[in-house]
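Participant: My structure is in input_39.tsv, and what it holds is TSV, C-alpha atoms:
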```tsv
chain	number	residue	atom	x	y	z
A	1	MET	CA	45.86	-13.97	6.11
A	2	ALA	CA	45.72	-12.09	9.41
A	3	ALA	CA	45.62	-8.57	10.78
A	4	GLN	CA	45.68	-7.54	14.43
A	5	ASP	CA	46.14	-4.23	16.27
A	6	LEU	CA	44.39	-1.94	18.71
A	7	ASN	CA	41.55	-1.59	16.23
A	8	GLY	CA	40.66	-5.26	16.53
A	9	SER	CA	41.66	-8.50	14.84
A	10	LEU	CA	40.83	-10.33	11.64
A	11	THR	CA	41.96	-13.83	10.76
A	12	THR	CA	41.14	-16.06	7.80
A	13	THR	CA	41.80	-19.78	7.46
A	14	ILE	CA	40.99	-21.87	4.38
A	15	LYS	CA	40.41	-25.61	4.49
A	16	ASN	CA	38.45	-27.96	2.23
A	17	LYS	CA	37.00	-25.07	0.17
A	18	ILE	CA	35.71	-23.35	3.33
A	19	ALA	CA	37.14	-19.98	4.34
A	20	THR	CA	36.59	-19.15	7.99
A	21	VAL	CA	36.81	-15.42	8.66
A	22	GLU	CA	36.97	-14.43	12.33
A	23	PHE	CA	36.83	-10.84	13.59
A	24	GLY	CA	37.30	-9.61	17.11
A	25	HIS	CA	37.50	-6.53	19.29
A	26	PRO	CA	37.92	-6.18	23.08
A	27	ALA	CA	34.74	-4.05	23.28
A	28	SER	CA	32.21	-6.86	22.71
A	29	ASN	CA	33.40	-7.41	19.14
A	30	SER	CA	32.32	-3.93	18.09
A	31	PHE	CA	33.55	-2.37	14.85
A	32	PRO	CA	35.88	0.60	14.54
A	33	ARG	CA	36.14	1.84	10.96
A	34	GLN	CA	39.50	0.18	10.29
A	35	LEU	CA	38.14	-3.25	11.20
A	36	LEU	CA	35.09	-2.68	8.99
A	37	ASP	CA	37.39	-1.84	6.09
A	38	SER	CA	39.59	-4.87	6.73
A	39	LEU	CA	36.63	-7.26	6.76
A	40	THR	CA	35.19	-5.67	3.62
A	41	SER	CA	38.53	-6.04	1.83
A	42	GLU	CA	38.87	-9.66	2.95
A	43	LEU	CA	35.43	-10.60	1.64
A	44	ASN	CA	36.21	-8.92	-1.68
A	45	ILE	CA	39.41	-10.95	-1.97
A	46	LEU	CA	37.69	-14.22	-1.06
A	47	SER	CA	34.96	-13.51	-3.61
A	48	GLY	CA	37.52	-14.15	-6.35
A	49	HIS	CA	39.33	-17.02	-4.62
A	50	GLN	CA	39.10	-20.10	-6.84
A	51	GLU	CA	39.70	-22.56	-3.99
A	52	VAL	CA	36.86	-21.24	-1.82
A	53	SER	CA	33.19	-22.19	-2.18
A	54	VAL	CA	31.82	-21.18	1.23
A	55	ILE	CA	32.68	-18.47	3.75
A	56	VAL	CA	31.98	-18.86	7.47
A	57	LEU	CA	31.78	-15.51	9.25
A	58	ARG	CA	32.31	-15.64	13.00
A	59	SER	CA	33.65	-13.58	15.90
A	60	VAL	CA	36.00	-14.35	18.76
A	61	GLY	CA	35.17	-15.41	22.29
A	62	THR	CA	32.07	-16.68	24.05
A	63	GLY	CA	30.34	-13.36	24.78
A	64	ALA	CA	28.64	-11.08	22.28
A	65	PHE	CA	28.74	-11.89	18.58
A	66	CYS	CA	28.89	-8.20	17.69
A	67	ALA	CA	27.99	-4.98	19.52
A	68	GLY	CA	27.80	-2.95	16.32
A	69	ALA	CA	29.58	0.36	15.82
A	70	SER	CA	32.44	1.49	18.03
A	71	PHE	CA	31.05	3.97	20.57
A	72	ASP	CA	34.49	5.56	20.94
A	73	GLU	CA	34.60	6.41	17.24
A	74	LEU	CA	30.99	7.57	17.23
A	75	LEU	CA	31.75	9.96	20.10
A	76	ALA	CA	34.78	11.27	18.19
A	77	VAL	CA	32.74	12.24	15.11
A	78	SER	CA	32.87	16.02	14.78
A	79	SER	CA	31.61	16.73	11.27
A	80	GLN	CA	29.03	15.53	8.73
A	81	GLU	CA	31.88	14.22	6.56
A	82	GLU	CA	33.39	12.19	9.41
A	83	GLY	CA	29.99	10.77	10.33
A	84	THR	CA	29.16	9.80	6.77
A	85	THR	CA	32.60	8.23	6.35
A	86	PHE	CA	32.17	6.16	9.50
A	87	PHE	CA	28.71	4.81	8.65
A	88	SER	CA	29.75	4.15	5.07
A	89	GLY	CA	31.98	1.44	6.55
A	90	PHE	CA	28.88	-0.60	7.38
A	91	ALA	CA	27.40	0.25	3.99
A	92	ASN	CA	30.51	-1.05	2.24
A	93	LEU	CA	30.59	-4.20	4.36
A	94	ILE	CA	26.96	-5.14	3.71
A	95	ASN	CA	27.43	-4.47	0.00
A	96	ALA	CA	30.54	-6.66	0.00
A	97	MET	CA	28.55	-9.48	1.64
A	98	ARG	CA	25.74	-8.97	-0.87
A	99	SER	CA	27.99	-8.95	-3.94
A	100	CYS	CA	30.40	-11.66	-2.75
A	101	SER	CA	30.25	-14.61	-5.15
A	102	LYS	CA	30.51	-17.10	-2.26
A	103	ILE	CA	27.75	-18.26	0.07
A	104	ILE	CA	28.31	-16.66	3.48
A	105	VAL	CA	27.26	-18.67	6.53
A	106	GLY	CA	27.06	-16.76	9.80
A	107	ARG	CA	28.08	-18.26	13.14
A	108	ILE	CA	26.12	-16.03	15.51
A	109	HIS	CA	27.19	-17.49	18.84
A	110	GLY	CA	25.98	-14.66	21.10
A	111	LYS	CA	24.08	-11.40	21.29
A	112	ALA	CA	24.01	-9.02	18.33
A	113	VAL	CA	23.22	-5.32	18.55
A	114	GLY	CA	22.74	-2.70	15.83
A	115	GLY	CA	25.27	-3.28	13.09
A	116	GLY	CA	25.77	-6.81	14.40
A	117	VAL	CA	22.15	-7.56	13.51
A	118	GLY	CA	22.80	-6.11	10.06
A	119	ILE	CA	25.77	-8.42	9.58
A	120	ALA	CA	23.73	-11.45	10.65
A	121	ALA	CA	20.98	-10.41	8.23
A	122	ALA	CA	23.44	-10.02	5.36
A	123	CYS	CA	24.63	-13.62	5.80
A	124	ASP	CA	23.06	-16.05	3.35
A	125	TYR	CA	22.42	-18.60	6.10
A	126	ALA	CA	22.86	-18.12	9.84
A	127	PHE	CA	23.39	-20.48	12.75
A	128	ALA	CA	22.81	-19.24	16.30
A	129	THR	CA	22.62	-20.44	19.90
A	130	VAL	CA	19.90	-19.84	22.48
A	131	ASN	CA	22.05	-16.93	23.70
A	132	SER	CA	21.93	-15.08	20.36
A	133	SER	CA	19.37	-12.42	21.28
A	134	ILE	CA	19.16	-9.32	19.08
A	135	LYS	CA	18.43	-5.63	19.53
A	136	LEU	CA	18.31	-2.53	17.33
A	137	SER	CA	19.18	0.18	19.85
A	138	GLU	CA	19.93	3.01	17.41
A	139	LEU	CA	16.91	5.19	18.23
A	140	ALA	CA	18.00	5.19	21.87
A	141	ILE	CA	21.21	6.99	20.88
A	142	GLY	CA	19.54	9.48	18.57
A	143	ILE	CA	20.12	7.83	15.21
A	144	GLY	CA	18.42	4.89	13.50
A	145	PRO	CA	19.34	1.62	11.78
A	146	PHE	CA	19.24	3.34	8.40
A	147	VAL	CA	22.26	1.67	6.78
A	148	ILE	CA	21.42	-1.87	7.85
A	149	GLU	CA	17.64	-1.53	7.40
A	150	PRO	CA	17.53	-2.90	3.81
A	151	ALA	CA	19.43	-6.04	4.84
A	152	VAL	CA	17.35	-6.57	7.98
A	153	SER	CA	14.03	-5.90	6.22
A	154	ARG	CA	14.98	-8.22	3.38
A	155	LYS	CA	15.50	-11.04	5.87
A	156	ILE	CA	12.73	-10.53	8.47
A	157	GLY	CA	10.30	-8.16	6.73
A	158	LYS	CA	9.56	-4.47	7.18
A	159	SER	CA	7.02	-5.04	9.96
A	160	ALA	CA	9.38	-7.04	12.18
A	161	MET	CA	12.22	-4.61	11.48
A	162	SER	CA	9.99	-1.70	12.50
A	163	GLU	CA	8.97	-3.54	15.67
A	164	MET	CA	12.60	-4.01	16.64
A	165	THR	CA	13.54	-0.44	15.77
A	166	LEU	CA	10.78	1.24	17.77
A	167	ALA	CA	11.34	-1.03	20.78
A	168	ALA	CA	14.92	0.20	20.90
A	169	HIS	CA	15.55	-0.94	24.50
A	170	GLU	CA	14.01	-4.39	24.04
A	171	TRP	CA	15.89	-7.60	23.34
A	172	LYS	CA	14.29	-10.09	20.95
A	173	ASN	CA	15.09	-13.68	21.84
A	174	THR	CA	16.35	-16.34	19.45
A	175	ASP	CA	12.93	-17.95	19.04
A	176	TRP	CA	11.60	-14.64	17.72
A	177	ALA	CA	14.63	-14.19	15.47
A	178	GLN	CA	14.28	-17.69	14.04
A	179	GLN	CA	10.53	-17.34	13.49
A	180	LYS	CA	11.12	-14.10	11.58
A	181	GLY	CA	13.77	-15.73	9.39
A	182	LEU	CA	16.98	-14.16	10.68
A	183	TYR	CA	18.35	-17.46	11.96
A	184	ALA	CA	18.03	-20.69	10.00
A	185	LYS	CA	19.01	-22.91	12.93
A	186	VAL	CA	19.29	-22.33	16.68
A	187	LEU	CA	21.39	-24.71	18.78
A	188	GLN	CA	21.64	-25.14	22.53
A	189	ASP	CA	25.27	-24.07	22.86
A	190	GLN	CA	28.45	-23.42	20.92
A	191	VAL	CA	29.45	-27.09	20.95
A	192	GLU	CA	26.24	-28.13	19.20
A	193	LEU	CA	26.45	-25.09	16.95
A	194	ASP	CA	29.92	-26.01	15.72
A	195	ILE	CA	28.95	-29.62	15.06
A	196	ASP	CA	25.95	-28.61	12.95
A	197	LEU	CA	27.86	-25.80	11.28
A	198	ALA	CA	30.71	-28.11	10.25
A	199	HIS	CA	28.30	-30.69	8.82
A	200	PHE	CA	26.31	-28.07	6.91
A	201	THR	CA	29.28	-26.21	5.44
A	202	SER	CA	31.11	-29.39	4.40
A	203	LYS	CA	28.00	-30.49	2.52
A	204	LEU	CA	27.61	-27.05	0.96
A	205	ALA	CA	31.27	-26.97	-0.11
A	206	SER	CA	30.81	-30.30	-1.91
A	207	TYR	CA	28.24	-28.84	-4.30
A	208	ASN	CA	28.95	-27.43	-7.75
A	209	PRO	CA	30.63	-24.05	-7.12
A	210	GLU	CA	29.11	-22.60	-10.28
A	211	ALA	CA	25.63	-23.56	-9.07
A	212	LEU	CA	26.34	-21.97	-5.68
A	213	GLU	CA	27.48	-18.77	-7.35
A	214	GLU	CA	24.38	-18.61	-9.54
A	215	MET	CA	22.19	-19.30	-6.52
A	216	LYS	CA	23.85	-16.43	-4.68
A	217	ARG	CA	22.91	-14.09	-7.54
A	218	VAL	CA	19.31	-15.30	-7.48
A	219	MET	CA	19.06	-14.85	-3.71
A	220	TRP	CA	20.14	-11.20	-3.96
A	221	GLU	CA	18.18	-10.22	-7.07
A	222	GLY	CA	16.79	-6.70	-6.96
A	223	THR	CA	19.46	-5.28	-4.64
A	224	ASP	CA	21.87	-3.71	-7.15
A	225	HIS	CA	20.69	-0.24	-6.12
A	226	TRP	CA	22.07	-0.83	-2.62
A	227	ASP	CA	25.47	0.46	-3.79
A	228	SER	CA	24.03	3.97	-3.74
A	229	LEU	CA	21.15	3.45	-1.29
A	230	LEU	CA	23.30	2.39	1.65
A	231	LEU	CA	25.70	5.30	1.15
A	232	GLU	CA	22.72	7.68	1.13
A	233	ARG	CA	21.59	6.12	4.40
A	234	ALA	CA	25.12	6.54	5.81
A	235	ALA	CA	24.85	10.26	5.18
A	236	VAL	CA	21.60	10.40	7.17
A	237	SER	CA	23.21	8.63	10.14
A	238	GLY	CA	26.31	10.78	9.78
A	239	GLN	CA	24.23	13.91	10.23
A	240	LEU	CA	22.12	12.62	13.13
A	241	VAL	CA	25.10	11.45	15.18
A	242	LEU	CA	26.21	15.10	15.44
A	243	SER	CA	23.05	16.08	17.34
A	244	ASP	CA	23.22	17.03	21.00
A	245	PHE	CA	20.82	14.18	21.72
A	246	SER	CA	23.21	11.62	20.21
A	247	LYS	CA	26.30	13.06	21.88
A	248	ASN	CA	24.61	13.00	25.30
A	249	ALA	CA	23.15	9.55	24.80
A	250	LEU	CA	26.48	8.07	23.66
A	251	ALA	CA	28.22	9.63	26.65
A	252	GLN	CA	25.65	8.02	28.98
A	253	PHE	CA	26.16	4.61	27.35
A	254	LYS	CA	29.92	4.94	27.92
A	255	LYS	CA	29.52	5.51	31.68
```
Rewrite the structure from the file as structure tokens, please.
Facilitator:
Amino acid sequence: MAAQDLNGSLTTTIKNKIATVEFGHPASNSFPRQLLDSLTSELNILSGHQEVSVIVLRSVGTGAFCAGASFDELLAVSSQEEGTTFFSGFANLINAMRSCSKIIVGRIHGKAVGGGVGIAAACDYAFATVNSSIKLSELAIGIGPFVIEPAVSRKIGKSAMSEMTLAAHEWKNTDWAQQKGLYAKVLQDQVELDIDLAHFTSKLASYNPEALEEMKRVMWEGTDHWDSLLLERAAVSGQLVLSDFSKNALAQFKK
């Protein structure tokens, strides 16, 4: 299964009950809406795949893991409806990760910003390298991490999420991220990461798939209301991105 065009790339390979899903985009692995929809659809398909027990979510290259939302598409938003539609892409993706019957293991090889942090938080278990710093920069562009907040707060706590959000220009290093619970393991580089990741996922895939599925349900108990909550949050972001502050800030970031 593969899809590739100007809106980014998405490739899935399945081997030994492990599905590896890799996304990519030339702009630091950021997400235009079409790529968000493709990844959401792929996770929904894999959720019902009988020959898959574990999903590894990764991105291409050696630079950033994910730079979040596409700035080009954010700048192009011209109405509340368009803004809500765009941010609902992240809402749908996080809900797909939450409701997926398979354990999702994140390979966070580099920096994550905004929506990229949300994706890392929505993984059930995340590996990182010493280069996998994180930042929630949304306030700096006139919006806020409203859609991803429930996933981030669930993983690192409301206090740490608030600290990141208010320090919108500040990177948090991998030690901080691991201490707060975002990353389960931090390795020195991608070589060590891939060795540990392969060992962990092969072990995980050898376990009873029914037990893994039940464990996934237990881990996400109390989040059923996210189906509506995240879409409500998308509407908030969709309105704020229309402000003069956001338009000017996004234009400055693009320079």
Participant: Is it possible to get the residues within 10 Å of (12.8, 2.1, 17.0) (coordinates as in the file, counting all atoms listed in the file) written as a PyMOL selection string?
Facilitator: chain A and resi 135-140+143-145+161-170
Participant: Tell me which protein, DNA and RNA residues are within 12 Å of Val218 in chain A, counting only C-alpha atoms, leaving out same-chain ones fewer than 4 positions away, and put them as a ChimeraX atom specification.
Facilitator: /A:98-99,101,103,124,211-214,222-224
Participant: Just the residues within 7 Å of range 82-92 of chain A, please, counting all atoms listed in the file, with nothing from its chain fewer than 5 positions along; format it as a list in words.
Facilitator: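 Skipping anything fewer than 5 positions along the chain leaves Arg33, Leu36, Asp37, Thr40, Val77, Val147, Leu230, Leu231, Ala234, Ala235, Ser237, Gly238, Gln239 and Val241 of chain A.
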Participant: Could you check how far CA of Val113 in chain A sits from CA of Phe200 in chain A, in Å to one decimal?
Facilitator: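 CA of Val113 in chain A sits 25.7 Å away from CA of Phe200 in chain A.
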Participant: Around all of range 41-53 of chain A's listed atoms, make the axis-aligned box with 8 Å on each side and tell me centre and edge lengths in Å to one decimal, as JSON.
Facilitator:
```
{"center_x": 36.4, "center_y": -14.3, "center_z": -1.9, "size_x": 22.5, "size_y": 32.5, "size_z": 25.8}
```
Participant: Please report the interatomic distance between CA of Pro32 in chain A and CA of Ser70 in chain A in Å with one decimal.
Facilitator: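 Separation between CA of Pro32 in chain A and CA of Ser70 in chain A: 5.0 Å.
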Participant: Quick one: residues within 6 Å of (30.2, 19.0, 13.6) (file frame), counting all atoms listed in the file, please, as a short mmCIF file (atom, residue, chain, number, x, y, z; two decimals) with C-alpha atoms, in the frame of the given file.
Facilitator:
```cif
data_model
loop_
_atom_site.label_atom_id
_atom_site.label_comp_id
_atom_site.auth_asym_id
_atom_site.auth_seq_id
_atom_site.Cartn_x
_atom_site.Cartn_y
_atom_site.Cartn_z
CA SER A 78 32.87 16.02 14.78
CA SER A 79 31.61 16.73 11.27
CA LEU A 242 26.21 15.10 15.44
#
```
Participant: For Gln190 in chain A, please output as a list in words all residues within 7 Å (counting only C-alpha atoms; exclusion window: fewer than 3 positions along the same chain).
Facilitator: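 Once the nearby chain positions are removed, what remains is His109, Thr129, Leu193 and Asp194 of chain A.
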Participant: Can you take the partial range 30-54 of chain A, add N, CA and C atoms, and return it as a PDB file, in the frame of the given file?
Facilitator:
```pdb
ATOM      1  N   SER A  30      32.858  -5.073  18.815  1.00  0.00           N
ATOM      2  CA  SER A  30      32.320  -3.930  18.090  1.00  0.00           C
ATOM      3  C   SER A  30      33.270  -3.573  16.945  1.00  0.00           C
ATOM      4  N   PHE A  31      32.803  -2.688  16.070  1.00  0.00           N
ATOM      5  CA  PHE A  31      33.550  -2.370  14.850  1.00  0.00           C
ATOM      6  C   PHE A  31      34.014  -0.925  14.791  1.00  0.00           C
ATOM      7  N   PRO A  32      35.321  -0.673  14.973  1.00  0.00           N
ATOM      8  CA  PRO A  32      35.880   0.600  14.540  1.00  0.00           C
ATOM      9  C   PRO A  32      35.989   0.589  13.024  1.00  0.00           C
ATOM     10  N   ARG A  33      36.146   1.743  12.422  1.00  0.00           N
ATOM     11  CA  ARG A  33      36.140   1.840  10.960  1.00  0.00           C
ATOM     12  C   ARG A  33      37.233   0.983  10.318  1.00  0.00           C
ATOM     13  N   GLN A  34      38.402   0.936  10.897  1.00  0.00           N
ATOM     14  CA  GLN A  34      39.500   0.180  10.290  1.00  0.00           C
ATOM     15  C   GLN A  34      39.168  -1.308  10.199  1.00  0.00           C
ATOM     16  N   LEU A  35      38.509  -1.846  11.223  1.00  0.00           N
ATOM     17  CA  LEU A  35      38.140  -3.250  11.200  1.00  0.00           C
ATOM     18  C   LEU A  35      37.049  -3.509  10.160  1.00  0.00           C
ATOM     19  N   LEU A  36      36.104  -2.574  10.034  1.00  0.00           N
ATOM     20  CA  LEU A  36      35.090  -2.680   8.990  1.00  0.00           C
ATOM     21  C   LEU A  36      35.742  -2.753   7.614  1.00  0.00           C
ATOM     22  N   ASP A  37      36.716  -1.871   7.383  1.00  0.00           N
ATOM     23  CA  ASP A  37      37.390  -1.840   6.090  1.00  0.00           C
ATOM     24  C   ASP A  37      38.179  -3.120   5.834  1.00  0.00           C
ATOM     25  N   SER A  38      38.810  -3.643   6.883  1.00  0.00           N
ATOM     26  CA  SER A  38      39.590  -4.870   6.730  1.00  0.00           C
ATOM     27  C   SER A  38      38.701  -6.052   6.380  1.00  0.00           C
ATOM     28  N   LEU A  39      37.553  -6.156   7.049  1.00  0.00           N
ATOM     29  CA  LEU A  39      36.630  -7.260   6.760  1.00  0.00           C
ATOM     30  C   LEU A  39      36.055  -7.124   5.361  1.00  0.00           C
ATOM     31  N   THR A  40      35.712  -5.911   4.971  1.00  0.00           N
ATOM     32  CA  THR A  40      35.190  -5.670   3.620  1.00  0.00           C
ATOM     33  C   THR A  40      36.207  -6.096   2.569  1.00  0.00           C
ATOM     34  N   SER A  41      37.452  -5.692   2.769  1.00  0.00           N
ATOM     35  CA  SER A  41      38.530  -6.040   1.830  1.00  0.00           C
ATOM     36  C   SER A  41      38.726  -7.555   1.760  1.00  0.00           C
ATOM     37  N   GLU A  42      38.666  -8.204   2.919  1.00  0.00           N
ATOM     38  CA  GLU A  42      38.870  -9.660   2.950  1.00  0.00           C
ATOM     39  C   GLU A  42      37.775 -10.394   2.196  1.00  0.00           C
ATOM     40  N   LEU A  43      36.536  -9.963   2.357  1.00  0.00           N
ATOM     41  CA  LEU A  43      35.430 -10.600   1.640  1.00  0.00           C
ATOM     42  C   LEU A  43      35.546 -10.375   0.132  1.00  0.00           C
ATOM     43  N   ASN A  44      36.012  -9.188  -0.259  1.00  0.00           N
ATOM     44  CA  ASN A  44      36.210  -8.920  -1.680  1.00  0.00           C
ATOM     45  C   ASN A  44      37.293  -9.813  -2.274  1.00  0.00           C
ATOM     46  N   ILE A  45      38.339 -10.052  -1.508  1.00  0.00           N
ATOM     47  CA  ILE A  45      39.410 -10.950  -1.970  1.00  0.00           C
ATOM     48  C   ILE A  45      38.898 -12.379  -2.089  1.00  0.00           C
ATOM     49  N   LEU A  46      38.190 -12.845  -1.059  1.00  0.00           N
ATOM     50  CA  LEU A  46      37.690 -14.220  -1.060  1.00  0.00           C
ATOM     51  C   LEU A  46      36.653 -14.448  -2.158  1.00  0.00           C
ATOM     52  N   SER A  47      35.955 -13.393  -2.553  1.00  0.00           N
ATOM     53  CA  SER A  47      34.960 -13.510  -3.610  1.00  0.00           C
ATOM     54  C   SER A  47      35.582 -14.043  -4.907  1.00  0.00           C
ATOM     55  N   GLY A  48      36.855 -13.695  -5.143  1.00  0.00           N
ATOM     56  CA  GLY A  48      37.520 -14.150  -6.350  1.00  0.00           C
ATOM     57  C   GLY A  48      38.463 -15.320  -6.140  1.00  0.00           C
ATOM     58  N   HIS A  49      38.436 -15.901  -4.938  1.00  0.00           N
ATOM     59  CA  HIS A  49      39.330 -17.020  -4.620  1.00  0.00           C
ATOM     60  C   HIS A  49      38.792 -18.311  -5.215  1.00  0.00           C
ATOM     61  N   GLN A  50      39.569 -18.920  -6.114  1.00  0.00           N
ATOM     62  CA  GLN A  50      39.100 -20.100  -6.840  1.00  0.00           C
ATOM     63  C   GLN A  50      38.977 -21.347  -5.966  1.00  0.00           C
ATOM     64  N   GLU A  51      39.707 -21.375  -4.857  1.00  0.00           N
ATOM     65  CA  GLU A  51      39.700 -22.560  -3.990  1.00  0.00           C
ATOM     66  C   GLU A  51      38.702 -22.441  -2.838  1.00  0.00           C
ATOM     67  N   VAL A  52      37.852 -21.439  -2.877  1.00  0.00           N
ATOM     68  CA  VAL A  52      36.860 -21.240  -1.820  1.00  0.00           C
ATOM     69  C   VAL A  52      35.457 -21.306  -2.406  1.00  0.00           C
ATOM     70  N   SER A  53      34.596 -22.102  -1.766  1.00  0.00           N
ATOM     71  CA  SER A  53      33.190 -22.190  -2.180  1.00  0.00           C
ATOM     72  C   SER A  53      32.251 -21.593  -1.147  1.00  0.00           C
ATOM     73  N   VAL A  54      32.673 -21.619   0.125  1.00  0.00           N
ATOM     74  CA  VAL A  54      31.820 -21.180   1.230  1.00  0.00           C
ATOM     75  C   VAL A  54      32.653 -20.335   2.188  1.00  0.00           C
TER      76      VAL A  54
END
```
